[in-house]
Amino acid sequence: MGPASAAARAVEDRLFRALAVLRVVVLANAVGLNLYRAGNFQHPRWAAAAVVAMVVWTGVALAAYAVVRRRTALLLVADLGLAVGSLAVTPLLKGDGFSASLPGFWVMGALLAWAVHWRWAGGLVAGLVLGGTDLLVREDLTQNNYGNVFLLVIGGPIVGYMCGSLQEMATERDLAQRAAAAAAERVRLARAVHDGVLQVLALVQRRGRELGGDGAQLARLAGEQEAALRRLVQEEASLGRGGDGSDGADGAVPGSGGPATVDLAVALARFEQRAGVTVVVPAEPVLLPGHVAGEVAAAVGACLDNVARHVGEGAPAWVLLDDLGARVEVSVRDEGPGIAPGRLASAEAEGRMGVSGSVVGRLVDLGGTATLSTGAHGTEWELVVRRDAAQEDA
Amino acid sequence: MAERAVRVMVVDDHPMWRDAVERDLQAAGFDVVAVAGTGAEAIARFPAARPQVVVLDLRIPEPDGVEVTARVLRHDPSARVLILSASGEQADVLEAVKAGATGYLVKSASREELLEAVRRVARGDSVFTPGLAGLVLGEFRRMAEGPTAPDPSRDALTDRETEVLRMVAKGLSYKQIAERLVLSHRTVQNHVQNTLRKLQMHNRVELTRYAIEQGLDDG
């Protein structure tokens with residue numbers, strides 16, 4: 001049951017240092033009380049010798065417990081033995097029918113040493129031994145004596161249990177700190193690796209395009225991988241910054257209590273892998289309830305599907321995420337020929353859900369708005385979600 | 001190349017990149033006056049080489065690109081820094097821009113894009129990608145929401161500046177923006193530049209405030 005880890009040993013060291021102070025205090029108390037009641041002793045010289053022995057042993061104990069390797073079973077047994085002995089000799093020195101024992105509270109030193117070193121079991125054994133001795137040497141049991149014994153017997157295991165808990169907590173904290181340090185180091189290494197890979201992918205794209213032919217094919221592949229790795233790095237960075245345990249992935253994971261929040265910036269960054277799409281987000285995460293972020297991302301996906309269908313596969317499109325605090329705006333823009341007036345309305349009239357259903361409907365359900373502007377310069381959707389509405393909805 | 005040779009310094013710790021960029025710049029008529037593989041080398045070589053433009057990778061051995069940007073511009077405020085980064089992390093780019101960089105390009109940009117960016121930065125223009133505009137916009141939004149409200153006359157963007165910045169972030173070219181807002185190309189350029197200037201100013205004020213607070217605490 002000895003201390004397993006360095007952290008546990010540090011806790012024990014600390015408690016023994018505190019106990020050293022306590023030992024001096026209870027010794028001073030015992031010496032003082034015995035001087036004050038010197039007249040009660042039938043054998044004052046032997047009593048004086050016993051008090052001197054307590055002083056000497058306290059000195060020995062302070063020196064011995066200060067060093068880890070001297071905290072042996074032998075030391076603890078001797079410590080408890082002397083405490084028991086000092087109780088046992090009391091009737092010889094004071095005669096039967098004494099009221100205060102010779103050591104008084106001085107026995108706490110041994111009791112707590114057992115509790116600190118052997119935790120609750122040690123505290124219980126020491127408490128029972130000391131309590132039992134105290135009861136055996138007395139002629140009659142007063143309410144007061146019983147109270148003291150009872151406190152000894154329950155105090156030992158309680159202190160021991162708390163010492164054990166402190167050691168476990170210190171060990172766990174130590175492990176957690178080590179895990180965090182290891183994770184930070186992994187992140188640092190991963191960054192170096194990612195940066196190197198991004199460099200090479202960028203170079204392949206640049207040179208490949210210039211070579212043309214097969215080179216251009218290589219450049220395209222490198223570009224796709226670059227976008228994928230960039231997204232990964234951004235997701236990692238977003239996770240590192242926290243959010244509150246959001247997995248950043250496919251919408252809400254209901255945690256304990258409130259709905260999980262999701263970084264909309266990460267959710268939208270996924271669209272970068274579509275050809276022609278540029279996603280622009282702020283450096284800080286944009287946290288929204290999971291289902292809100294999921295719906296907004298789905299609406300953006302529908303807008304981009306529409307771009308691919310009506311402007312062309314791989315046509316340039318831009319997604320901008322703008323976090324204004326009270327509300328979040330997402331703009332999806334293309335430079336296509338625009339949507340002819342009335343086309344959306346007629347599609348809806350014909351019973352086809354189409355764009356307005358999947359974009360406007362989703363945003364209205366969230367208490368937000370979706371506005372379309374279209375013309376010769378292209379088409380732009382402005383999606384707006386209010387944070388307060390999103391919270392209520394959650 | 002008719003333009004008079006712009007003096008450029010290339011800072012990158014990957015030799016293959018450094019060489020490729022150097023070769024492209026020289027072929028286009030730029031004068032590559034120095035190259036460096038680490039932040040320490042860059043800072044040491046900058047004063048003697050006196051480049052007008054520093055093409056800088058953010059991820060370099062100590063000190064990093066953000067620190068190099070700040071140190072180089074403190075030494076010569078007329079120099080220009082163009083960030084050429086493969087780094088997938090946007091926070092780094094934003095920090096470099098706050099420190100005074102006026103251009104940002106991803107490494108996968110084509111040779112022509114790189115040359116055009118160096119020319120523009122050398123002229124004193126800023127080179128904004130939609131991504132950078134989004135970062136700057138986000139930073140102003142954050143400042144407006146933050147606990148220390150920015151001084152509106154100095155730090156906050158005007159409505160027009162915000163509008164222009166949003167358009168850049170939505171991928172519109174300066175020319176398209178000028179047409180839509182019925183402004184001259186130069187005016188759009190100025191609005192964009194003002195947003196950077198305000199961001200850098202805010203950063204300096206914050207740093208000074210921080211230094212004063214630290215100093216007062218020490219005293």
# chains A, B, ... in the order shown; residues from 1 in each chain; ligands from 1
>>> interface_residues(of="chain A", to="chain B", cutoff="10 Å", atoms="only C-alpha atoms", output="NGL selection string")
:A and (191-192 or 194-207 or 209-210 or 219 or 222-223 or 226-227 or 229-238 or 278-284 or 316-326 or 331-335 or 377 or 380)
>>> select_by_dssp(residues="range 18-215 of chain A", states="alpha helix (DSSP H)", output="ChimeraX atom specification")
/A:18-36,44-65,73-88,90-94,108-137,143-211,214-215
>>> residues_around(residues="range 171-182 of chain A", least_positions_apart="4", cutoff="7 Å", atoms="only C-alpha atoms", output="PyMOL selection string")
chain A and resi 5+7-8+167+186
>>> atom_distance(atom1="CA of Ala96 in chain B", atom2="CA of Arg160 in chain B")
24.8 Å
>>> closest_residue(among="A:Trp46, A:Trp114, A:Phe41, A:Phe16", to="Ile158 in chain A", atoms="only C-alpha atoms")
A:Trp114
>>> residues_around(residues="Glu161 in chain B", least_positions_apart="5", cutoff="12 Å", atoms="only C-alpha atoms", output="PDB file with C-alpha atoms, in the first residue's frame")
ATOM      1  CA  ALA B 133      -9.899  39.698 -46.309  1.00  0.00           C
ATOM      2  CA  VAL B 136      -9.145  40.811 -41.340  1.00  0.00           C
ATOM      3  CA  LEU B 137     -12.928  41.194 -41.359  1.00  0.00           C
ATOM      4  CA  PHE B 140     -12.504  43.691 -36.727  1.00  0.00           C
ATOM      5  CA  ASP B 155      -9.935  51.533 -34.855  1.00  0.00           C
ATOM      6  CA  ALA B 156     -13.356  50.779 -36.284  1.00  0.00           C
ATOM      7  CA  ARG B 166     -16.674  41.985 -47.471  1.00  0.00           C
ATOM      8  CA  MET B 167     -16.682  42.149 -51.243  1.00  0.00           C
ATOM      9  CA  VAL B 168     -12.993  41.261 -51.405  1.00  0.00           C
ATOM     10  CA  ILE B 177     -16.020  46.236 -56.746  1.00  0.00           C
ATOM     11  CA  LEU B 181     -20.021  50.689 -56.044  1.00  0.00           C
ATOM     12  CA  THR B 187     -10.490  54.440 -54.229  1.00  0.00           C
ATOM     13  CA  VAL B 188     -11.256  50.758 -53.747  1.00  0.00           C
ATOM     14  CA  GLN B 189      -7.531  50.133 -53.323  1.00  0.00           C
ATOM     15  CA  ASN B 190      -7.371  52.900 -50.688  1.00  0.00           C
ATOM     16  CA  HIS B 191     -10.306  51.501 -48.739  1.00  0.00           C
ATOM     17  CA  VAL B 192      -8.651  48.092 -48.616  1.00  0.00           C
ATOM     18  CA  GLN B 193      -5.339  49.611 -47.569  1.00  0.00           C
ATOM     19  CA  ASN B 194      -7.049  51.611 -44.799  1.00  0.00           C
ATOM     20  CA  THR B 195      -8.413  48.439 -43.248  1.00  0.00           C
ATOM     21  CA  LEU B 196      -4.877  47.046 -42.986  1.00  0.00           C
ATOM     22  CA  ARG B 197      -3.501  50.304 -41.656  1.00  0.00           C
ATOM     23  CA  LYS B 198      -6.186  50.431 -38.945  1.00  0.00           C
TER      24      LYS B 198
END
>>> residues_around(residues="Gly378 in chain A", least_positions_apart="3", cutoff="9 Å", atoms="only C-alpha atoms", output="PyMOL selection string")
chain A and resi 333-339+373-375
